[in-house]
Structure formats: structure tokens, C-alpha cells
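K.L.:
See upload.cif below, with mmCIF, C-alpha atoms, pLDDT in the B column; chains and numbers go by the auth columns.
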```
data_start
loop_
_atom_site.group_PDB
_atom_site.id
_atom_site.type_symbol
_atom_site.label_atom_id
_atom_site.label_comp_id
_atom_site.label_asym_id
_atom_site.label_seq_id
_atom_site.Cartn_x
_atom_site.Cartn_y
_atom_site.Cartn_z
_atom_site.B_iso_or_equiv
_atom_site.auth_seq_id
_atom_site.auth_asym_id
ATOM 1 C CA MET A 1 -22.151 6.858 -9.597 51.00 432 A
ATOM 2 C CA THR A 2 -22.933 7.787 -6.014 51.00 433 A
ATOM 3 C CA THR A 3 -20.380 8.224 -3.319 56.00 434 A
ATOM 4 C CA THR A 4 -21.152 7.909 0.326 59.00 435 A
ATOM 5 C CA ALA A 5 -20.071 10.559 2.759 65.00 436 A
ATOM 6 C CA PRO A 6 -17.579 9.405 5.351 72.00 437 A
ATOM 7 C CA SER A 7 -18.949 8.567 8.761 89.00 438 A
ATOM 8 C CA THR A 8 -18.271 11.012 11.574 91.00 439 A
ATOM 9 C CA LYS A 9 -15.529 8.695 12.872 92.00 440 A
ATOM 10 C CA GLU A 10 -13.905 8.564 9.437 90.00 441 A
ATOM 11 C CA ALA A 11 -14.207 12.338 9.032 93.00 442 A
ATOM 12 C CA LEU A 12 -12.579 12.844 12.437 93.00 443 A
ATOM 13 C CA GLY A 13 -9.810 10.436 11.463 90.00 444 A
ATOM 14 C CA LEU A 14 -9.172 12.329 8.233 89.00 445 A
ATOM 15 C CA ALA A 15 -9.189 15.664 10.091 92.00 446 A
ATOM 16 C CA LEU A 16 -6.708 14.291 12.619 90.00 447 A
ATOM 17 C CA LYS A 17 -4.361 13.071 9.888 84.00 448 A
ATOM 18 C CA GLN A 18 -4.550 16.479 8.189 86.00 449 A
ATOM 19 C CA GLN A 19 -3.794 18.313 11.417 86.00 450 A
ATOM 20 C CA LEU A 20 -0.907 15.982 12.231 81.00 451 A
ATOM 21 C CA GLU A 21 0.821 17.145 9.061 77.00 452 A
ATOM 22 C CA GLY A 22 1.503 20.485 10.730 77.00 453 A
ATOM 23 C CA ARG A 23 1.593 19.815 14.462 79.00 454 A
ATOM 24 C CA PRO A 24 2.321 17.102 17.005 79.00 455 A
ATOM 25 C CA LEU A 25 -0.460 14.963 18.452 80.00 456 A
ATOM 26 C CA ASP A 26 -0.340 16.671 21.853 81.00 457 A
ATOM 27 C CA LYS A 27 -1.195 20.017 20.184 86.00 458 A
ATOM 28 C CA VAL A 28 -4.332 18.754 18.416 89.00 459 A
ATOM 29 C CA THR A 29 -7.529 19.627 20.290 93.00 460 A
ATOM 30 C CA VAL A 30 -11.034 18.248 20.315 95.00 461 A
ATOM 31 C CA SER A 31 -12.325 21.731 19.467 95.00 462 A
ATOM 32 C CA SER A 32 -10.118 22.089 16.399 95.00 463 A
ATOM 33 C CA LEU A 33 -11.159 18.672 15.087 95.00 464 A
ATOM 34 C CA ALA A 34 -14.849 19.285 15.753 95.00 465 A
ATOM 35 C CA ASN A 35 -14.692 22.709 14.089 95.00 466 A
ATOM 36 C CA GLN A 36 -12.867 21.314 11.070 95.00 467 A
ATOM 37 C CA ILE A 37 -15.611 18.816 10.250 94.00 468 A
ATOM 38 C CA GLY A 38 -18.521 20.935 11.485 94.00 469 A
ATOM 39 C CA ILE A 39 -19.676 19.034 14.556 94.00 470 A
ATOM 40 C CA THR A 40 -19.975 19.945 18.215 94.00 471 A
ATOM 41 C CA ARG A 41 -17.480 18.933 20.862 94.00 472 A
ATOM 42 C CA GLN A 42 -20.217 16.748 22.358 95.00 473 A
ATOM 43 C CA ALA A 43 -20.560 14.914 19.036 93.00 474 A
ATOM 44 C CA PHE A 44 -16.824 14.214 19.154 94.00 475 A
ATOM 45 C CA TYR A 45 -17.182 12.748 22.648 94.00 476 A
ATOM 46 C CA TYR A 46 -19.991 10.512 21.425 94.00 477 A
ATOM 47 C CA HIS A 47 -17.376 8.680 19.333 94.00 478 A
ATOM 48 C CA PHE A 48 -14.108 9.088 21.245 94.00 479 A
ATOM 49 C CA ALA A 49 -13.070 9.872 24.815 93.00 480 A
ATOM 50 C CA ASP A 50 -10.226 12.135 23.678 92.00 481 A
ATOM 51 C CA VAL A 51 -7.838 12.912 20.839 90.00 482 A
ATOM 52 C CA TYR A 52 -5.542 10.031 21.852 86.00 483 A
ATOM 53 C CA GLU A 53 -8.373 7.510 21.568 89.00 484 A
ATOM 54 C CA LEU A 54 -9.101 8.860 18.079 91.00 485 A
ATOM 55 C CA ALA A 55 -5.390 8.577 17.230 86.00 486 A
ATOM 56 C CA VAL A 56 -5.354 4.950 18.394 83.00 487 A
ATOM 57 C CA TRP A 57 -8.444 4.202 16.289 87.00 488 A
ATOM 58 C CA VAL A 58 -6.845 5.809 13.199 85.00 489 A
ATOM 59 C CA PHE A 59 -3.593 3.941 13.844 81.00 490 A
ATOM 60 C CA GLU A 60 -5.339 0.596 14.282 80.00 491 A
ATOM 61 C CA THR A 61 -7.490 1.130 11.205 83.00 492 A
ATOM 62 C CA GLU A 62 -4.571 2.217 9.002 78.00 493 A
ATOM 63 C CA VAL A 63 -2.277 -0.577 10.185 75.00 494 A
ATOM 64 C CA ALA A 64 -4.938 -3.264 9.851 75.00 495 A
ATOM 65 C CA ASN A 65 -5.780 -2.042 6.349 76.00 496 A
ATOM 66 C CA HIS A 66 -2.106 -2.139 5.283 71.00 497 A
ATOM 67 C CA ILE A 67 -1.752 -5.701 6.537 74.00 498 A
ATOM 68 C CA MET A 68 -5.040 -7.136 5.331 74.00 499 A
ATOM 69 C CA ALA A 69 -4.823 -5.528 1.888 76.00 500 A
ATOM 70 C CA HIS A 70 -2.012 -8.010 1.192 72.00 501 A
ATOM 71 C CA ALA A 71 -3.062 -11.030 3.266 71.00 502 A
ATOM 72 C CA SER A 72 -1.918 -13.733 0.896 75.00 503 A
ATOM 73 C CA TYR A 73 1.153 -15.921 0.608 78.00 504 A
ATOM 74 C CA GLY A 74 2.434 -14.070 -2.431 79.00 505 A
ATOM 75 C CA GLU A 75 1.777 -10.551 -1.137 81.00 506 A
ATOM 76 C CA TRP A 76 2.101 -10.577 2.672 85.00 507 A
ATOM 77 C CA SER A 77 5.598 -9.093 2.565 87.00 508 A
ATOM 78 C CA ASP A 78 4.374 -6.190 0.389 87.00 509 A
ATOM 79 C CA GLY A 79 1.672 -5.375 2.927 85.00 510 A
ATOM 80 C CA PHE A 80 4.013 -5.689 5.886 87.00 511 A
ATOM 81 C CA LYS A 81 6.613 -3.518 4.158 89.00 512 A
ATOM 82 C CA ALA A 82 3.955 -0.916 3.282 86.00 513 A
ATOM 83 C CA MET A 83 2.849 -0.861 6.909 86.00 514 A
ATOM 84 C CA LEU A 84 6.399 -0.378 8.245 91.00 515 A
ATOM 85 C CA LEU A 85 7.087 2.371 5.707 90.00 516 A
ATOM 86 C CA TYR A 86 3.809 4.062 6.683 85.00 517 A
ATOM 87 C CA MET A 87 4.823 3.859 10.341 88.00 518 A
ATOM 88 C CA GLN A 88 8.265 5.254 9.569 92.00 519 A
ATOM 89 C CA ARG A 89 6.803 8.168 7.547 86.00 520 A
ATOM 90 C CA HIS A 90 4.477 8.994 10.462 82.00 521 A
ATOM 91 C CA ARG A 91 7.067 8.245 13.129 86.00 522 A
ATOM 92 C CA ASP A 92 6.142 10.961 15.642 80.00 523 A
ATOM 93 C CA GLN A 93 2.455 10.168 15.471 78.00 524 A
ATOM 94 C CA VAL A 94 3.089 6.415 15.639 84.00 525 A
ATOM 95 C CA TYR A 95 5.226 6.771 18.746 85.00 526 A
ATOM 96 C CA ALA A 96 2.668 9.114 20.312 79.00 527 A
ATOM 97 C CA VAL A 97 0.061 6.380 19.873 80.00 528 A
ATOM 98 C CA VAL A 98 2.405 3.521 20.771 82.00 529 A
ATOM 99 C CA ASN A 99 3.505 5.291 23.946 80.00 530 A
ATOM 100 C CA SER A 100 -0.103 5.954 24.941 75.00 531 A
ATOM 101 C CA LEU A 101 -0.902 2.222 24.827 77.00 532 A
ATOM 102 C CA SER A 102 0.191 -0.324 27.357 80.00 533 A
ATOM 103 C CA HIS A 103 2.684 -2.887 26.051 84.00 534 A
ATOM 104 C CA ARG A 104 0.030 -5.561 26.488 88.00 535 A
ATOM 105 C CA LYS A 105 -2.592 -3.658 24.473 84.00 536 A
ATOM 106 C CA LEU A 106 -0.086 -2.856 21.711 85.00 537 A
ATOM 107 C CA GLU A 107 1.053 -6.467 21.490 90.00 538 A
ATOM 108 C CA ARG A 108 -2.534 -7.753 21.444 89.00 539 A
ATOM 109 C CA PHE A 109 -3.503 -5.362 18.659 85.00 540 A
ATOM 110 C CA PHE A 110 -0.571 -6.338 16.454 89.00 541 A
ATOM 111 C CA TYR A 111 -0.991 -10.016 17.317 92.00 542 A
ATOM 112 C CA LYS A 112 -4.678 -9.973 16.358 89.00 543 A
ATOM 113 C CA THR A 113 -3.995 -8.186 13.075 86.00 544 A
ATOM 114 C CA LEU A 114 -0.986 -10.295 12.095 90.00 545 A
ATOM 115 C CA GLN A 115 -2.849 -13.454 13.095 92.00 546 A
ATOM 116 C CA ALA A 116 -5.656 -12.572 10.675 88.00 547 A
ATOM 117 C CA MET A 117 -3.040 -12.193 7.937 87.00 548 A
ATOM 118 C CA MET A 118 -1.394 -15.509 8.827 90.00 549 A
ATOM 119 C CA GLU A 119 -4.794 -17.226 8.960 91.00 550 A
ATOM 120 C CA ALA A 120 -5.431 -16.092 5.370 88.00 551 A
ATOM 121 C CA ILE A 121 -2.005 -17.374 4.273 89.00 552 A
ATOM 122 C CA VAL A 122 -2.458 -20.772 5.930 91.00 553 A
ATOM 123 C CA THR A 123 -5.959 -21.100 4.466 89.00 554 A
ATOM 124 C CA GLU A 124 -4.532 -20.368 1.024 87.00 555 A
ATOM 125 C CA LEU A 125 -1.695 -22.890 1.359 88.00 556 A
ATOM 126 C CA GLU A 126 -3.347 -25.770 3.163 87.00 557 A
ATOM 127 C CA ALA A 127 -5.333 -26.940 0.105 81.00 558 A
ATOM 128 C CA ASP A 128 -6.482 -30.518 0.758 78.00 559 A
ATOM 129 C CA ARG A 129 -4.106 -31.213 3.628 83.00 560 A
ATOM 130 C CA ARG A 130 -5.814 -32.724 6.633 82.00 561 A
ATOM 131 C CA LEU A 131 -4.658 -30.807 9.666 87.00 562 A
ATOM 132 C CA ASP A 132 -5.736 -31.190 13.244 89.00 563 A
ATOM 133 C CA SER A 133 -7.311 -27.863 14.270 92.00 564 A
ATOM 134 C CA ALA A 134 -4.867 -27.527 17.198 94.00 565 A
ATOM 135 C CA ASP A 135 -1.899 -28.077 14.864 93.00 566 A
ATOM 136 C CA ARG A 136 -3.280 -25.570 12.379 93.00 567 A
ATOM 137 C CA ALA A 137 -3.722 -23.023 15.161 95.00 568 A
ATOM 138 C CA PHE A 138 -0.168 -23.706 16.353 96.00 569 A
ATOM 139 C CA ILE A 139 1.275 -23.061 12.882 94.00 570 A
ATOM 140 C CA ILE A 140 -0.659 -19.795 12.591 95.00 571 A
ATOM 141 C CA ASP A 141 0.457 -18.791 16.080 96.00 572 A
ATOM 142 C CA HIS A 142 4.116 -19.658 15.414 95.00 573 A
ATOM 143 C CA TYR A 143 4.444 -17.527 12.301 94.00 574 A
ATOM 144 C CA THR A 144 2.352 -14.727 13.795 94.00 575 A
ATOM 145 C CA LEU A 145 4.644 -14.559 16.823 96.00 576 A
ATOM 146 C CA SER A 146 7.740 -14.603 14.629 95.00 577 A
ATOM 147 C CA VAL A 147 6.621 -11.572 12.622 93.00 578 A
ATOM 148 C CA LEU A 148 5.256 -9.872 15.747 94.00 579 A
ATOM 149 C CA GLY A 149 8.576 -10.258 17.545 96.00 580 A
ATOM 150 C CA HIS A 150 10.427 -8.561 14.717 96.00 581 A
ATOM 151 C CA LEU A 151 7.846 -5.768 14.560 95.00 582 A
ATOM 152 C CA LEU A 152 7.955 -5.047 18.300 94.00 583 A
ATOM 153 C CA HIS A 153 11.760 -5.142 18.307 95.00 584 A
ATOM 154 C CA TRP A 154 11.841 -2.767 15.331 96.00 585 A
ATOM 155 C CA LEU A 155 9.577 -0.333 17.188 94.00 586 A
ATOM 156 C CA ALA A 156 11.556 -0.642 20.442 93.00 587 A
ATOM 157 C CA ASP A 157 14.801 -0.052 18.524 95.00 588 A
ATOM 158 C CA GLY A 158 13.571 3.261 17.132 95.00 589 A
ATOM 159 C CA MET A 159 12.708 2.001 13.635 96.00 590 A
ATOM 160 C CA ARG A 160 16.419 2.090 12.806 95.00 591 A
ATOM 161 C CA VAL A 161 16.453 -0.896 10.472 96.00 592 A
ATOM 162 C CA ASP A 162 15.364 -0.166 6.912 96.00 593 A
ATOM 163 C CA PRO A 163 11.869 -1.707 6.548 96.00 594 A
ATOM 164 C CA THR A 164 12.683 -3.050 3.082 95.00 595 A
ATOM 165 C CA LYS A 165 15.740 -4.926 4.349 96.00 596 A
ATOM 166 C CA LEU A 166 13.899 -6.266 7.407 96.00 597 A
ATOM 167 C CA VAL A 167 10.919 -7.539 5.426 94.00 598 A
ATOM 168 C CA ASP A 168 13.102 -8.984 2.674 94.00 599 A
ATOM 169 C CA LYS A 169 15.024 -10.997 5.277 94.00 600 A
ATOM 170 C CA LEU A 170 11.790 -12.184 6.890 92.00 601 A
ATOM 171 C CA ALA A 171 10.479 -13.218 3.479 90.00 602 A
ATOM 172 C CA ILE A 172 13.655 -15.231 2.792 91.00 603 A
ATOM 173 C CA ILE A 173 13.307 -17.068 6.103 88.00 604 A
ATOM 174 C CA MET A 174 9.595 -17.737 5.686 86.00 605 A
ATOM 175 C CA ARG A 175 9.558 -18.582 1.966 84.00 606 A
ATOM 176 C CA GLY A 176 8.487 -22.184 1.717 84.00 607 A
ATOM 177 C CA HIS A 177 8.505 -22.765 5.457 89.00 608 A
ATOM 178 C CA VAL A 178 4.790 -22.227 6.040 88.00 609 A
ATOM 179 C CA ARG A 179 3.958 -24.785 3.355 88.00 610 A
ATOM 180 C CA GLU A 180 6.642 -27.097 4.748 91.00 611 A
ATOM 181 C CA SER A 181 5.161 -26.793 8.238 92.00 612 A
ATOM 182 C CA LEU A 182 1.717 -27.619 6.875 91.00 613 A
ATOM 183 C CA ASP A 183 3.175 -30.683 5.140 90.00 614 A
ATOM 184 C CA ARG A 184 4.915 -31.871 8.297 91.00 615 A
ATOM 185 C CA PHE A 185 1.892 -31.450 10.529 91.00 616 A
ATOM 186 C CA SER A 186 -0.394 -33.144 7.996 87.00 617 A
ATOM 187 C CA GLY A 187 1.986 -36.110 7.642 81.00 618 A
ATOM 188 C CA LEU A 188 3.084 -35.291 4.087 67.00 619 A
ATOM 189 C CA GLY A 189 6.559 -34.086 4.955 56.00 620 A
#
```
Go ahead and render the structure in this file as C-alpha cells.
P.N.:
Amino acid sequence: MTTTAPSTKEALGLALKQQLEGRPLDKVTVSSLANQIGITRQAFYYHFADVYELAVWVFETEVANHIMAHASYGEWSDGFKAMLLYMQRHRDQVYAVVNSLSHRKLERFFYKTLQAMMEAIVTELEADRRLDSADRAFIIDHYTLSVLGHLLHWLADGMRVDPTKLVDKLAIIMRGHVRESLDRFSGLG
């Protein structure tokens, strides 16, 4: 069985995560990351403009992976909960990245990722329902924005609410409602 070596970007991401275990993001340097994986500083700059850009890339990759690993009707809450717990465990690093992004860029990232999850859920549930493409898009958008609003509020509120409780409440509200919305828009409900 052969294993492939991580790409330089992946190796830099791993090095960053390792260094963040012992120091804050603003103390991590390009030189220390480059030295750790055996590349030049110039090679680092070929991939990323600075350490913060690398941190954003790692954050986006990790968050997207947590969400999309569970992008189904039966598992979405597990993925969302795993993502929030990950963010809570890496609180300082998450806020360093979040604070380095504009509100618009942060919202667009989460929207895009959550929308992909909701698209997978709607695709799974719609079966043979005949939905107008605009109605289908509206349903996806509605549930995406609902989850996104809770996520952004949770971040703005300092992650104070227990992720398990938050996601469990969201799951209660959403359970059956996506399917019901599909029924209503397709004329079955």
C-alpha cells in the first residue's frame, strides 16, 4: 500500500497546527514554518502571502471538511456539532482567523460551505418531487441562512452556548421541516 506525501500546502497547514499547540498565531513565523517542513521562505510565499493567509486556508479546509463529512439529512447535525466543538477547542486560533477576515468574507465562506451541505440534504430528500429550480434554491437558501445565523451569533457571543445544546435545538426545529417544505413547494403538502 502506497501513501502519498502531503502537498507543501498540506505540510504547512500541519506545521501551523502543531505550532499553534504551543503558541498564539501572532507568534508563528514564516521562517519557523518553512524550517519545520524543510522549505525556503520563498517556497512558503509561493503558496501563501503570510501566516494569516495560511491560517485562513487551514480554517476553511478544516471547517469545510467537518461540515461536508456529514452532509446528509441523518448526519448533518453530527457534522455541525463536530465543527462547533472543533472551533471551541481551538478558540484562540479560530478568533485570530475570524478577526483577520472581514465580516462579509467570513459570512460568504460559511454560507458557501453550509449551502453545499444543505444542497446535499435537499437532493437526498427531494426524491421524485417536481420542484421549480427557483423554489428549490429558495428552500436551500432558507435553511442555509437559518443555520448560518445561529453560527454567526454563536461566534459573536463568544461561543458561550454549549455546541451540543445549540445543535440539538436546531435539529429539533429542522427535523421534518425540510421535507415538509419540499412537499409544500412541490404541491404535495
K.L.:
May I ask for the distance between CA of Lys440 (chain A) and CA of His478 (chain A), given in Å to one decimal place?
P.N.:
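Value for the CA of Lys440 (chain A)-CA of His478 (chain A) distance: 6.7 Å.
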K.L.:
For this file, the PyMOL selection byres ((chain A and resi 579) around 10) selects which residues, as a list in words?
P.N.:
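Listing what the PyMOL selection byres ((chain A and resi 579) around 10) selects in the shown file: Glu538, Arg539, Phe541, Tyr542, Lys543, Thr544, Leu545, Gln546, His573, Tyr574, Thr575, Leu576, Ser577, Val578, Gly580, His581, Leu582, Leu583, His584 and Trp585 of chain A.
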K.L.:
Could you check which of A:Glu484, A:Gln524, A:Ser463, A:Ala495 is closest to Lys448 (chain A), using all atoms listed in the file?
P.N.:
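Checking each candidate against Lys448 (chain A), we get A:Gln524 as the closest.
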K.L.:
Which residues match the PyMOL selection byres ((chain A and resi 450) around 12) in the file above, as a ChimeraX atom specification?
P.N.:
/A:443-449,451-461,463-465,467-468,482,486,524
K.L.:
So how many Å separate CA of Leu586 (chain A) and CA of Ile571 (chain A), to one decimal?
P.N.:
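Atom-to-atom, CA of Leu586 (chain A) and CA of Ile571 (chain A) are spaced 22.5 Å apart.
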K.L.:
Which one is closest to His608 (chain A): A:Ala565, A:Ala474, A:Ile552, A:Ala500? Count all atoms listed in the file.
P.N.:
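Closest candidate: A:Ile552.
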K.L.:
Distance CA of Thr439 (chain A)-CA of His497 (chain A), one decimal place?
P.N.:
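So the two atoms, CA of Thr439 (chain A) and CA of His497 (chain A), lie 21.8 Å apart.
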